[in-house]
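Novice: Data file query-v8.cif (mmCIF, C-alpha atoms) is appended below.
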data_run
loop_
_atom_site.label_atom_id
_atom_site.label_comp_id
_atom_site.auth_asym_id
_atom_site.auth_seq_id
_atom_site.Cartn_x
_atom_site.Cartn_y
_atom_site.Cartn_z
CA MET A 1 -346.69 -38.87 -67.30
CA GLU A 2 -343.07 -39.29 -68.38
CA ARG A 3 -341.88 -36.53 -70.70
CA SER A 4 -340.15 -37.41 -73.96
CA GLU A 5 -336.57 -36.48 -74.68
CA GLU A 6 -337.80 -34.00 -77.28
CA THR A 7 -340.11 -32.34 -74.76
CA ILE A 8 -337.33 -32.03 -72.17
CA ASN A 9 -334.96 -30.52 -74.74
CA ALA A 10 -337.61 -28.00 -75.76
CA MET A 11 -338.21 -27.08 -72.13
CA LEU A 12 -334.47 -26.65 -71.60
CA ARG A 13 -334.20 -24.33 -74.61
CA THR A 14 -337.16 -22.31 -73.36
CA SER A 15 -335.67 -22.07 -69.88
CA TYR A 16 -332.44 -20.64 -71.26
CA THR A 17 -334.31 -18.20 -73.50
CA GLU A 18 -336.36 -16.97 -70.55
CA SER A 19 -333.10 -16.57 -68.59
CA GLY A 20 -331.61 -14.24 -71.19
CA ILE A 21 -329.70 -16.59 -73.50
CA SER A 22 -330.42 -16.04 -77.19
CA GLU A 23 -331.13 -18.93 -79.52
CA PRO A 24 -327.78 -18.61 -81.40
CA VAL A 25 -325.75 -18.66 -78.16
CA PHE A 26 -327.76 -21.61 -76.80
CA ARG A 27 -327.24 -23.60 -80.00
CA LEU A 28 -323.51 -22.87 -79.99
CA GLY A 29 -323.35 -24.14 -76.43
CA GLU A 30 -325.14 -27.36 -77.28
CA GLU A 31 -322.89 -27.91 -80.29
CA VAL A 32 -319.77 -27.45 -78.16
CA LEU A 33 -321.14 -29.60 -75.37
CA SER A 34 -321.73 -32.53 -77.75
CA THR A 35 -317.95 -32.76 -78.30
CA LEU A 36 -317.06 -32.99 -74.59
CA LYS A 37 -318.74 -36.20 -73.43
CA GLU A 38 -315.53 -38.24 -73.32
CA ARG A 39 -313.68 -35.53 -71.37
CA PHE A 40 -316.53 -35.20 -68.90
CA ASP A 41 -316.72 -38.97 -68.39
CA ARG A 42 -313.02 -39.01 -67.46
CA ILE A 43 -313.52 -36.17 -64.97
CA ASP A 44 -316.35 -38.11 -63.36
CA ARG A 45 -314.11 -41.17 -62.95
CA ILE A 46 -311.40 -39.07 -61.31
CA ALA A 47 -314.01 -37.55 -59.00
CA GLU A 48 -315.16 -41.04 -58.04
CA ILE A 49 -311.61 -42.05 -57.11
CA ASN A 50 -311.18 -38.93 -55.02
CA GLN A 51 -314.59 -39.34 -53.42
CA LEU A 52 -313.58 -42.79 -52.24
CA LYS A 53 -310.27 -41.38 -50.98
CA VAL A 54 -312.04 -38.80 -48.80
CA LEU A 55 -314.65 -41.30 -47.65
CA SER A 56 -311.94 -43.79 -46.70
CA ALA A 57 -310.19 -41.15 -44.58
CA MET A 58 -313.43 -40.28 -42.80
CA ARG A 59 -314.22 -43.91 -42.11
CA LYS A 60 -310.68 -44.61 -40.91
CA ASN A 61 -310.88 -41.72 -38.46
CA ARG A 62 -314.32 -42.80 -37.24
CA VAL A 63 -315.97 -39.45 -37.90
CA SER A 64 -319.09 -39.19 -35.77
CA GLU A 65 -321.85 -36.72 -34.95
CA GLY A 66 -319.92 -35.74 -31.85
CA HIS A 67 -317.20 -34.23 -34.04
CA PHE A 68 -319.67 -31.57 -35.20
CA GLN A 69 -320.07 -30.01 -31.76
CA ALA A 70 -319.07 -26.36 -31.31
CA THR A 71 -316.23 -25.28 -29.05
CA THR A 72 -315.52 -21.79 -27.75
CA GLY A 73 -312.84 -19.94 -25.83
CA TYR A 74 -309.41 -21.50 -26.10
CA GLY A 75 -310.66 -24.56 -27.92
CA TYR A 76 -308.69 -27.02 -25.81
CA ASN A 77 -309.40 -30.69 -26.52
CA ASP A 78 -311.43 -29.94 -29.67
CA LEU A 79 -311.82 -33.51 -30.89
CA GLY A 80 -313.77 -32.53 -34.00
CA ARG A 81 -311.09 -30.08 -35.11
CA ASP A 82 -308.27 -32.53 -34.44
CA THR A 83 -310.05 -35.39 -36.22
CA LEU A 84 -310.69 -33.21 -39.26
CA GLU A 85 -306.97 -32.56 -39.47
CA SER A 86 -306.33 -36.29 -39.41
CA VAL A 87 -308.86 -36.70 -42.24
CA TYR A 88 -306.97 -34.13 -44.33
CA ALA A 89 -303.61 -35.74 -43.56
CA ASP A 90 -304.88 -39.18 -44.53
CA THR A 91 -306.56 -37.91 -47.71
CA PHE A 92 -303.45 -36.06 -48.88
CA HIS A 93 -301.06 -38.76 -47.59
CA THR A 94 -299.08 -36.49 -45.28
CA GLU A 95 -297.74 -36.89 -41.76
CA ASP A 96 -299.77 -34.00 -40.38
CA ALA A 97 -302.25 -31.26 -41.21
CA LEU A 98 -303.46 -27.95 -39.85
CA VAL A 99 -307.02 -27.03 -40.93
CA ARG A 100 -308.30 -23.89 -39.25
CA MET A 101 -310.99 -21.26 -39.60
CA GLN A 102 -308.46 -18.79 -38.17
CA ILE A 103 -306.53 -19.00 -41.47
CA THR A 104 -308.27 -16.22 -43.37
CA CYS A 105 -307.37 -17.03 -46.99
CA GLY A 106 -304.91 -18.78 -49.27
CA THR A 107 -302.38 -15.93 -49.07
CA HIS A 108 -302.53 -16.07 -45.28
CA ALA A 109 -301.94 -19.83 -45.35
CA LEU A 110 -298.94 -19.39 -47.65
CA ASN A 111 -297.54 -16.59 -45.50
CA LEU A 112 -297.84 -18.80 -42.43
CA ALA A 113 -296.06 -21.69 -44.15
CA LEU A 114 -293.24 -19.41 -45.33
CA SER A 115 -292.74 -17.29 -42.24
CA ALA A 116 -292.97 -20.26 -39.88
CA ASN A 117 -290.24 -22.19 -41.67
CA LEU A 118 -287.84 -19.41 -42.69
CA ARG A 119 -285.43 -17.53 -40.44
CA PRO A 120 -283.30 -14.39 -40.88
CA GLY A 121 -280.48 -15.14 -43.30
CA ASP A 122 -282.38 -17.90 -45.09
CA HIS A 123 -282.90 -17.83 -48.84
CA LEU A 124 -286.24 -18.53 -50.53
CA LEU A 125 -286.23 -19.74 -54.14
CA SER A 126 -289.05 -19.84 -56.65
CA PRO A 127 -287.97 -22.23 -59.44
CA VAL A 128 -291.17 -21.55 -61.42
CA GLY A 129 -290.86 -17.83 -62.08
CA SER A 130 -292.91 -15.10 -60.46
CA PRO A 131 -295.27 -16.04 -57.64
CA TYR A 132 -298.93 -15.05 -57.50
CA ASP A 133 -299.48 -11.30 -57.19
CA THR A 134 -300.52 -11.34 -53.52
CA LEU A 135 -297.29 -13.10 -52.50
CA GLU A 136 -295.13 -10.28 -53.85
CA GLU A 137 -295.74 -8.20 -50.72
CA VAL A 138 -295.45 -11.26 -48.47
CA ILE A 139 -292.00 -11.98 -49.86
CA GLY A 140 -290.95 -8.35 -50.28
CA ILE A 141 -290.69 -8.25 -54.08
CA ARG A 142 -292.94 -5.24 -53.70
CA GLU A 143 -292.02 -3.30 -50.58
CA SER A 144 -294.47 -3.92 -47.76
CA GLU A 145 -294.35 -3.61 -44.01
CA GLY A 146 -293.86 -7.00 -42.35
CA SER A 147 -292.56 -8.78 -45.45
CA LEU A 148 -290.05 -11.62 -45.30
CA ALA A 149 -287.45 -9.24 -46.71
CA GLU A 150 -287.83 -7.00 -43.65
CA TYR A 151 -286.94 -10.01 -41.50
CA GLY A 152 -283.78 -10.74 -43.45
CA VAL A 153 -285.04 -13.49 -45.76
CA THR A 154 -283.57 -13.16 -49.25
CA TYR A 155 -285.39 -14.22 -52.39
CA SER A 156 -284.65 -15.13 -55.98
CA GLN A 157 -286.53 -16.77 -58.81
CA VAL A 158 -285.68 -18.79 -61.87
CA GLU A 159 -287.79 -18.16 -64.94
CA LEU A 160 -289.25 -21.01 -66.93
CA THR A 161 -287.77 -21.77 -70.33
CA PRO A 162 -289.48 -20.22 -73.39
CA GLU A 163 -291.26 -23.57 -73.79
CA GLY A 164 -292.65 -23.31 -70.25
CA ALA A 165 -290.40 -26.02 -68.77
CA PHE A 166 -288.24 -25.98 -65.66
CA ASP A 167 -284.78 -24.58 -66.31
CA TYR A 168 -282.84 -27.16 -64.34
CA ASP A 169 -279.37 -25.73 -65.04
CA ALA A 170 -280.44 -22.29 -63.84
CA ILE A 171 -282.17 -23.79 -60.81
CA ARG A 172 -279.02 -25.66 -59.82
CA ALA A 173 -277.01 -22.45 -60.13
CA ALA A 174 -279.55 -20.53 -58.02
CA ILE A 175 -279.42 -22.89 -55.05
CA ARG A 176 -277.11 -21.55 -52.34
CA PRO A 177 -275.90 -22.97 -49.03
CA GLU A 178 -278.46 -20.73 -47.30
CA THR A 179 -281.36 -21.80 -49.55
CA LYS A 180 -283.87 -23.07 -47.03
CA MET A 181 -287.06 -23.38 -49.01
CA ALA A 182 -288.46 -23.60 -52.53
CA THR A 183 -291.93 -22.23 -53.19
CA ILE A 184 -293.71 -23.89 -56.11
CA GLN A 185 -296.95 -22.47 -57.43
CA ARG A 186 -299.04 -25.19 -59.03
CA SER A 187 -301.60 -23.01 -60.79
CA CYS A 188 -300.85 -20.37 -63.41
CA GLY A 189 -302.15 -17.41 -61.38
CA TYR A 190 -302.37 -14.22 -63.44
CA SER A 191 -299.93 -15.54 -66.03
CA SER A 192 -300.10 -17.44 -69.30
CA ARG A 193 -297.87 -20.31 -68.24
CA LYS A 194 -299.20 -23.83 -67.86
CA THR A 195 -300.46 -25.29 -64.62
CA PHE A 196 -298.13 -28.02 -63.42
CA SER A 197 -299.34 -31.54 -62.76
CA PRO A 198 -298.50 -33.22 -59.46
CA ALA A 199 -296.13 -35.55 -61.34
CA GLU A 200 -294.29 -32.61 -62.94
CA ILE A 201 -293.99 -30.95 -59.55
CA GLY A 202 -292.67 -34.25 -58.22
CA GLU A 203 -289.90 -34.26 -60.82
CA LEU A 204 -288.94 -30.72 -59.79
CA ILE A 205 -288.95 -31.63 -56.10
CA ALA A 206 -286.78 -34.68 -56.74
CA PHE A 207 -284.28 -32.48 -58.59
CA LEU A 208 -284.24 -29.82 -55.85
CA LYS A 209 -283.61 -32.43 -53.17
CA SER A 210 -280.90 -34.10 -55.25
CA VAL A 211 -279.04 -30.78 -55.22
CA LYS A 212 -279.84 -29.88 -51.60
CA PRO A 213 -281.40 -32.75 -49.65
CA ASP A 214 -282.55 -30.59 -46.72
CA ILE A 215 -284.44 -28.02 -48.81
CA ILE A 216 -288.09 -27.59 -47.80
CA CYS A 217 -290.43 -27.77 -50.80
CA MET A 218 -293.72 -25.95 -50.35
CA VAL A 219 -296.44 -26.17 -53.00
CA ASP A 220 -299.15 -23.55 -53.41
CA ASN A 221 -301.91 -26.05 -54.16
CA CYS A 222 -304.72 -23.51 -54.60
CA TYR A 223 -307.24 -24.40 -57.33
CA GLY A 224 -305.60 -27.79 -57.96
CA GLU A 225 -306.97 -30.11 -55.29
CA PHE A 226 -308.92 -33.12 -56.61
CA THR A 227 -308.39 -32.35 -60.30
CA ASP A 228 -306.11 -35.40 -60.47
CA THR A 229 -306.03 -38.71 -58.64
CA VAL A 230 -302.84 -37.63 -56.86
CA GLU A 231 -301.54 -34.47 -55.15
CA PRO A 232 -298.05 -32.92 -54.90
CA SER A 233 -297.80 -34.45 -51.43
CA ASP A 234 -297.73 -37.85 -53.13
CA PHE A 235 -294.49 -36.77 -54.84
CA GLY A 236 -292.39 -35.50 -51.95
CA ALA A 237 -293.75 -32.02 -51.18
CA ASP A 238 -292.94 -31.08 -47.59
CA MET A 239 -296.02 -28.86 -47.46
CA ILE A 240 -299.07 -28.33 -49.63
CA VAL A 241 -301.08 -25.22 -48.87
CA GLY A 242 -304.53 -24.02 -49.84
CA SER A 243 -307.75 -22.19 -49.05
CA LEU A 244 -311.02 -23.72 -47.91
CA ILE A 245 -313.08 -21.27 -49.98
CA LYS A 246 -311.55 -22.94 -53.02
CA ASN A 247 -311.67 -26.64 -53.95
CA PRO A 248 -311.39 -28.46 -50.59
CA GLY A 249 -314.19 -26.47 -48.94
CA GLY A 250 -316.70 -27.85 -51.41
CA GLY A 251 -318.60 -24.56 -51.47
CA LEU A 252 -319.73 -25.00 -47.87
CA ALA A 253 -316.72 -23.86 -45.84
CA PRO A 254 -317.31 -20.18 -45.00
CA ALA A 255 -313.64 -19.45 -44.29
CA GLY A 256 -310.37 -21.18 -43.52
CA GLY A 257 -307.22 -22.65 -44.92
CA TYR A 258 -305.03 -25.73 -44.63
CA ILE A 259 -301.39 -26.76 -44.52
CA CYS A 260 -300.67 -30.48 -44.96
CA GLY A 261 -297.14 -31.85 -44.76
CA THR A 262 -294.40 -33.15 -42.53
CA HIS A 263 -295.00 -33.06 -38.82
CA ALA A 264 -292.05 -30.70 -38.24
CA CYS A 265 -293.22 -28.15 -40.84
CA VAL A 266 -296.85 -28.22 -39.73
CA GLU A 267 -295.92 -27.85 -36.05
CA ARG A 268 -293.95 -24.71 -36.84
CA VAL A 269 -296.91 -23.33 -38.76
CA ALA A 270 -299.24 -24.01 -35.81
CA LYS A 271 -296.96 -22.03 -33.50
CA ARG A 272 -296.84 -19.15 -35.98
CA LEU A 273 -300.63 -19.17 -36.34
CA THR A 274 -301.26 -19.00 -32.59
CA SER A 275 -298.25 -18.65 -30.29
CA PRO A 276 -295.11 -20.49 -29.25
CA GLY A 277 -296.06 -22.73 -26.37
CA LEU A 278 -299.67 -22.98 -27.52
CA GLY A 279 -299.46 -24.13 -31.12
CA ARG A 280 -302.30 -26.32 -32.35
CA GLU A 281 -303.81 -26.84 -28.89
CA VAL A 282 -305.86 -23.65 -29.17
CA GLY A 283 -308.33 -22.38 -31.74
CA ALA A 284 -312.02 -23.03 -31.09
CA ASN A 285 -314.15 -24.17 -34.02
CA LEU A 286 -317.15 -21.94 -33.06
CA GLY A 287 -319.57 -24.40 -34.67
CA ILE A 288 -318.01 -24.39 -38.11
CA ASN A 289 -317.03 -28.08 -38.15
CA PRO A 290 -320.13 -29.45 -39.93
CA ALA A 291 -319.47 -27.18 -42.92
CA PHE A 292 -315.78 -28.15 -42.93
CA TYR A 293 -316.52 -31.88 -42.85
CA GLN A 294 -319.38 -31.86 -45.32
CA GLY A 295 -317.59 -29.43 -47.63
CA PHE A 296 -314.54 -31.67 -47.76
CA PHE A 297 -316.78 -34.68 -48.39
CA LEU A 298 -318.40 -32.89 -51.34
CA ALA A 299 -315.16 -31.40 -52.65
CA PRO A 300 -314.31 -34.07 -55.27
CA THR A 301 -317.66 -33.77 -57.05
CA VAL A 302 -317.84 -29.98 -56.67
CA THR A 303 -314.33 -29.69 -58.13
CA ALA A 304 -315.38 -31.92 -61.02
CA SER A 305 -318.28 -29.56 -61.77
CA ALA A 306 -315.95 -26.58 -61.79
CA GLU A 307 -313.48 -28.39 -64.02
CA LYS A 308 -316.23 -29.22 -66.52
CA GLY A 309 -317.17 -25.55 -66.54
CA ALA A 310 -313.59 -24.54 -67.28
CA ILE A 311 -313.34 -26.97 -70.19
CA PHE A 312 -316.69 -25.81 -71.57
CA ALA A 313 -315.49 -22.20 -71.34
CA ALA A 314 -312.29 -23.04 -73.20
CA ALA A 315 -314.16 -24.83 -75.96
CA MET A 316 -316.75 -22.07 -76.32
CA TYR A 317 -314.23 -19.26 -76.55
CA GLU A 318 -311.93 -21.22 -78.87
CA LYS A 319 -314.93 -21.60 -81.16
CA LEU A 320 -315.42 -17.84 -81.05
CA GLY A 321 -311.79 -17.23 -82.04
CA PHE A 322 -310.36 -16.09 -78.72
CA ARG A 323 -307.03 -17.27 -77.35
CA VAL A 324 -307.58 -19.47 -74.31
CA HIS A 325 -305.30 -21.04 -71.77
CA PRO A 326 -305.24 -23.94 -71.33
CA ALA A 327 -306.66 -25.13 -74.63
CA ALA A 328 -309.92 -27.05 -74.45
CA ALA A 329 -308.22 -30.33 -75.36
CA ALA A 330 -305.22 -29.85 -73.03
CA ASP A 331 -304.64 -31.89 -69.90
CA ARG A 332 -305.91 -29.88 -66.93
CA PHE A 333 -304.63 -29.77 -63.35
CA ASP A 334 -306.59 -26.88 -61.86
CA ILE A 335 -310.02 -25.30 -62.25
CA ILE A 336 -308.86 -21.98 -63.74
CA GLN A 337 -309.57 -21.02 -67.31
CA SER A 338 -308.14 -17.86 -68.82
CA VAL A 339 -309.45 -16.15 -71.94
CA GLU A 340 -307.57 -13.31 -73.61
CA LEU A 341 -310.33 -10.85 -74.46
CA GLY A 342 -308.21 -8.10 -76.03
CA SER A 343 -309.83 -5.05 -74.49
CA ALA A 344 -311.01 -3.62 -71.20
CA GLU A 345 -314.56 -3.42 -72.57
CA ALA A 346 -314.64 -7.12 -73.42
CA LEU A 347 -313.19 -8.01 -70.00
CA LYS A 348 -315.92 -5.99 -68.32
CA ALA A 349 -318.61 -7.61 -70.51
CA PHE A 350 -317.41 -11.11 -69.59
CA CYS A 351 -317.49 -10.30 -65.88
CA LEU A 352 -320.91 -8.71 -66.26
CA GLY A 353 -322.16 -12.01 -67.69
CA ILE A 354 -320.78 -14.04 -64.82
CA GLN A 355 -322.29 -11.60 -62.31
CA ALA A 356 -325.66 -11.70 -64.07
CA ALA A 357 -325.65 -15.51 -63.81
CA ALA A 358 -325.05 -15.48 -60.05
CA PRO A 359 -327.61 -16.62 -57.47
CA VAL A 360 -326.54 -13.73 -55.22
CA ASP A 361 -326.15 -10.07 -56.28
CA SER A 362 -326.95 -10.86 -59.91
CA TYR A 363 -328.23 -7.32 -60.43
CA LEU A 364 -324.89 -5.65 -59.63
CA THR A 365 -322.40 -4.36 -62.21
CA PRO A 366 -318.75 -5.32 -61.54
CA GLU A 367 -316.31 -2.40 -61.65
CA PRO A 368 -312.48 -2.41 -61.52
CA TRP A 369 -310.92 -1.37 -58.23
CA ASP A 370 -307.54 -1.19 -56.50
CA MET A 371 -307.77 -4.49 -54.69
CA PRO A 372 -305.35 -4.98 -51.74
CA GLY A 373 -302.31 -7.05 -52.69
CA TYR A 374 -302.55 -6.42 -56.44
CA ASP A 375 -300.45 -4.09 -58.58
CA ASP A 376 -303.16 -3.27 -61.16
CA PRO A 377 -306.86 -2.50 -60.86
CA VAL A 378 -308.79 -5.77 -60.80
CA ILE A 379 -312.35 -6.45 -61.89
CA MET A 380 -314.10 -9.29 -60.12
CA ALA A 381 -317.45 -10.97 -60.67
CA ALA A 382 -318.82 -13.17 -57.93
CA GLY A 383 -322.30 -13.56 -56.59
CA ALA A 384 -321.48 -16.17 -54.00
CA PHE A 385 -323.03 -17.64 -50.88
CA VAL A 386 -319.56 -17.33 -49.32
CA SER A 387 -317.97 -13.96 -49.98
CA GLY A 388 -314.91 -14.31 -52.20
CA SER A 389 -315.37 -18.03 -52.71
CA SER A 390 -313.68 -19.02 -55.95
CA ILE A 391 -315.00 -22.56 -55.97
CA GLU A 392 -318.30 -20.81 -56.60
CA LEU A 393 -318.88 -19.31 -60.04
CA SER A 394 -316.53 -16.35 -60.34
CA ALA A 395 -314.25 -14.48 -62.70
CA ASP A 396 -311.62 -11.82 -62.31
CA GLY A 397 -308.76 -10.21 -64.15
CA PRO A 398 -306.32 -7.31 -63.93
CA LEU A 399 -306.90 -4.39 -66.27
CA ARG A 400 -303.72 -4.78 -68.26
CA PRO A 401 -302.99 -6.22 -71.72
CA PRO A 402 -303.89 -8.78 -73.01
CA TYR A 403 -306.97 -8.22 -70.82
CA ALA A 404 -307.22 -11.84 -69.81
CA VAL A 405 -310.08 -12.95 -67.65
CA PHE A 406 -309.61 -15.82 -65.22
CA PHE A 407 -312.76 -17.89 -64.82
CA GLN A 408 -313.22 -20.53 -62.17
CA GLY A 409 -315.76 -22.30 -60.05
CA GLY A 410 -319.29 -23.55 -60.26
CA ILE A 411 -320.60 -25.66 -57.39
CA THR A 412 -322.78 -27.41 -59.97
CA TRP A 413 -321.92 -28.04 -63.60
CA GLN A 414 -325.30 -26.68 -64.67
CA HIS A 415 -324.58 -23.33 -63.03
CA ALA A 416 -321.11 -23.18 -64.58
CA LYS A 417 -322.64 -23.84 -68.00
CA PHE A 418 -325.19 -21.06 -67.57
CA GLY A 419 -322.50 -18.65 -66.42
CA ILE A 420 -320.39 -19.27 -69.51
CA LEU A 421 -323.38 -18.90 -71.84
CA MET A 422 -324.27 -15.63 -70.12
CA SER A 423 -320.69 -14.36 -70.48
CA VAL A 424 -320.84 -15.08 -74.22
CA GLN A 425 -324.22 -13.39 -74.42
CA LYS A 426 -322.88 -10.21 -72.80
CA LEU A 427 -319.92 -10.14 -75.22
CA VAL A 428 -322.32 -10.54 -78.14
CA ASP A 429 -324.54 -7.77 -76.75
CA ALA A 430 -321.49 -5.49 -76.41
CA GLY A 431 -320.34 -6.22 -79.98
CA ALA A 432 -317.18 -7.95 -78.73
CA ALA A 433 -318.11 -11.39 -80.14
CA VAL A 434 -320.20 -12.66 -83.00
CA VAL A 435 -322.25 -15.85 -82.97
CA VAL A 436 -323.79 -16.78 -86.32
CA ARG A 437 -326.32 -19.61 -86.28
#
Once more with this new file: its structure as structure tokens, please.
Specialist:
Amino acid sequence: MERSEETINAMLRTSYTESGISEPVFRLGEEVLSTLKERFDRIDRIAEINQLKVLSAMRKNRVSEGHFQATTGYGYNDLGRDTLESVYADTFHTEDALVRMQITCGTHALNLALSANLRPGDHLLSPVGSPYDTLEEVIGIRESEGSLAEYGVTYSQVELTPEGAFDYDAIRAAIRPETKMATIQRSCGYSSRKTFSPAEIGELIAFLKSVKPDIICMVDNCYGEFTDTVEPSDFGADMIVGSLIKNPGGGLAPAGGYICGTHACVERVAKRLTSPGLGREVGANLGINPAFYQGFFLAPTVTASAEKGAIFAAAMYEKLGFRVHPAAAADRFDIIQSVELGSAEALKAFCLGIQAAAPVDSYLTPEPWDMPGYDDPVIMAAGAFVSGSSIELSADGPLRPPYAVFFQGGITWQHAKFGILMSVQKLVDAGAAVVVR
């Protein structure tokens, strides 16, 4: 017998109560959710466009069951691997792509793109202020063995204006004859600045190339893929770089990273990843191809779920009086949502809620630790099927004022919603938030 809408709603409320969400927190969530229908409908339309984009690339490249076969050893003539790279290149509208399980993470992918295309005496410029924390040691901002600085690559950065815009006059002045590359971080990272849209990045790239036509523009695309109908590669980026345990892996890729861009840039990266003389010809897939293909196929809808979760989080915490970035009503070009919680205790409570909502390791208590590559202790919450996957429900933040937490992920919207409700519940339980209903 078909259940009435009233019966289903009652069952939903009971399910949340039995899962640890109090009636006041549940009602606040439903109230907030009722205001987001138009935003969510738009996200679904963008996901549909991107789904068709990925599907078109797979059909064009005649993806078949044979492309899922495992290869071992050197990996010579790995047709599945090579076809997947063509699918990425066609999806992101680039000349070439390198998509490999041997790329361990987003920082590794970025390091490969930088070190492969920079030489001693070259100058690297960041026109968007400080890079993400883990790149500081790659570049040599923080002293580290094997950094670009040790190999004679110089670095400078231009801060954004107080309004968060590109400082074009300062950027022009910072470009030198030896400036070889500009690194542009799309997402905010552990900062309060805005995430840049592909179109905004395109304006910056056009300016950089008007000043120095041969400059290589690399975009750290982590967390941004498929949140818009276009990518930075549609606006002149020479390379876009990311991790497969974020958006493009769709929650299925167990490891890996990608670099999409010009043929010359990608070829240099392939030789840095493996060896001069070998390049992209080696690198067995070890049976991982089905997860890579299916994850990429699912990526547009998985990213949409994560984006809905981020918007829901922003709206919930705005309602509770916390400062959030970006605002719930703001245009969004990545899946990250930050909330300034004001204290270490509140930050820990938020992460405890996300951990408690996880399908894996929900019983664990997150604790801050000195995570490699970071300058401050970091607390992380993630009960993921793929360790460290930030397209899965996760949250993290450095223990430093203003004690901002960075929430992202949610393979399904329903899981993201539950995670946010549980984070609010833990703050309420800790006395760090008040919900009156």
Novice: Looking at A:Phe418, A:Ala328, A:Ser389, A:Ser305, which one is nearest to Thr35 in chain A, with distances taken over all atoms listed in the file?
Specialist: A:Ala328
Novice: Residue by residue, what does the PyMOL selection byres ((chain A and resi 182) around 8) grab here? Present the result as a PDB file with C-alpha atoms, keeping the file's coordinate frame.
Specialist:
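Just written: result-v8.pdb:
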ATOM      1  CA  LEU A 124    -286.240 -18.530 -50.530  1.00  0.00           C
ATOM      2  CA  LEU A 125    -286.230 -19.740 -54.140  1.00  0.00           C
ATOM      3  CA  SER A 126    -289.050 -19.840 -56.650  1.00  0.00           C
ATOM      4  CA  PRO A 127    -287.970 -22.230 -59.440  1.00  0.00           C
ATOM      5  CA  THR A 179    -281.360 -21.800 -49.550  1.00  0.00           C
ATOM      6  CA  LYS A 180    -283.870 -23.070 -47.030  1.00  0.00           C
ATOM      7  CA  MET A 181    -287.060 -23.380 -49.010  1.00  0.00           C
ATOM      8  CA  THR A 183    -291.930 -22.230 -53.190  1.00  0.00           C
ATOM      9  CA  ILE A 184    -293.710 -23.890 -56.110  1.00  0.00           C
ATOM     10  CA  ILE A 215    -284.440 -28.020 -48.810  1.00  0.00           C
ATOM     11  CA  ILE A 216    -288.090 -27.590 -47.800  1.00  0.00           C
ATOM     12  CA  CYS A 217    -290.430 -27.770 -50.800  1.00  0.00           C
ATOM     13  CA  MET A 218    -293.720 -25.950 -50.350  1.00  0.00           C
TER      14      MET A 218
END
Novice: At a cut-off of 9 Å, using all atoms listed in the file, what residues contact Gln337 in chain A? Leave out same-chain residues fewer than 3 positions from it and give the result as a VMD selection string.
Specialist: chain A and resid 307 309 to 311 313 to 314 324 to 327 334 405 to 408
Novice: I would like the residues chosen by the PyMOL selection byres ((chain A and resi 347-359) around 9) on the shown file; could you give them as number ranges by chain?
Specialist: A: 19, 340-346, 360-368, 379-385, 393-397, 399, 403-405, 407, 415-416, 418-430, 432
Novice: Applying the PyMOL selection byres ((chain A and resi 245) around 10) to the file I just gave you, which residues come out? Please list them as a PyMOL selection string.
Specialist: chain A and resi 104-106+222-223+242-244+246-257+295+386-392
Novice: Which residue, A:Ala206, A:Arg100, A:Arg186, A:Gly129, has the smallest gap to Asp78 in chain A when you use all atoms listed in the file?
Specialist: A:Arg100
Novice: Of the candidates A:Arg176, A:Lys209, A:Lys271, A:His108, which shows the shortest atom-to-atom distance to Gly121 in chain A, using only C-alpha atoms?
Specialist: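 Once distances to Gly121 in chain A are computed over only C-alpha atoms, the minimum belongs to A:Arg176.
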Novice: Can you tell me how far CA of Gly189 in chain A sits from CA of Phe296 in chain A, in Å to one decimal?
Specialist: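 One can read the CA of Gly189 in chain A to CA of Phe296 in chain A distance as 23.3 Å.
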Novice: Here's a test: counting all atoms listed in the file, identify every protein, DNA and RNA residue with an atom at most 10 Å from (-298.0, -17.3, -45.1) in the file's coordinate frame, and state them as a PyMOL selection string.
Specialist: chain A and resi 103+105-117+135+138-139+148+241+269+272-273
Novice: Can you spit out the residues from that selection as a short mmCIF file (atom, residue, chain, number, x, y, z; two decimals), keeping the file's coordinate frame, using C-alpha atoms?
Specialist:
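Contents of the output file again_35.cif:
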data_model
loop_
_atom_site.label_atom_id
_atom_site.label_comp_id
_atom_site.auth_asym_id
_atom_site.auth_seq_id
_atom_site.Cartn_x
_atom_site.Cartn_y
_atom_site.Cartn_z
CA ILE A 103 -306.53 -19.00 -41.47
CA CYS A 105 -307.37 -17.03 -46.99
CA GLY A 106 -304.91 -18.78 -49.27
CA THR A 107 -302.38 -15.93 -49.07
CA HIS A 108 -302.53 -16.07 -45.28
CA ALA A 109 -301.94 -19.83 -45.35
CA LEU A 110 -298.94 -19.39 -47.65
CA ASN A 111 -297.54 -16.59 -45.50
CA LEU A 112 -297.84 -18.80 -42.43
CA ALA A 113 -296.06 -21.69 -44.15
CA LEU A 114 -293.24 -19.41 -45.33
CA SER A 115 -292.74 -17.29 -42.24
CA ALA A 116 -292.97 -20.26 -39.88
CA ASN A 117 -290.24 -22.19 -41.67
CA LEU A 135 -297.29 -13.10 -52.50
CA VAL A 138 -295.45 -11.26 -48.47
CA ILE A 139 -292.00 -11.98 -49.86
CA LEU A 148 -290.05 -11.62 -45.30
CA VAL A 241 -301.08 -25.22 -48.87
CA VAL A 269 -296.91 -23.33 -38.76
CA ARG A 272 -296.84 -19.15 -35.98
CA LEU A 273 -300.63 -19.17 -36.34
#
Novice: Set the distance at 8 Å and use all atoms listed in the file: which residues neighbour Gly164 in chain A once local chain neighbours fewer than 4 positions away are removed? I'd like the list as number ranges by chain.
Specialist: A: 160, 193-194
Novice: What does the file look like for those residues with C-alpha atoms, as a PDB file, keeping the file's coordinate frame?
Specialist:
ATOM      1  CA  LEU A 160    -289.250 -21.010 -66.930  1.00  0.00           C
ATOM      2  CA  ARG A 193    -297.870 -20.310 -68.240  1.00  0.00           C
ATOM      3  CA  LYS A 194    -299.200 -23.830 -67.860  1.00  0.00           C
TER       4      LYS A 194
END
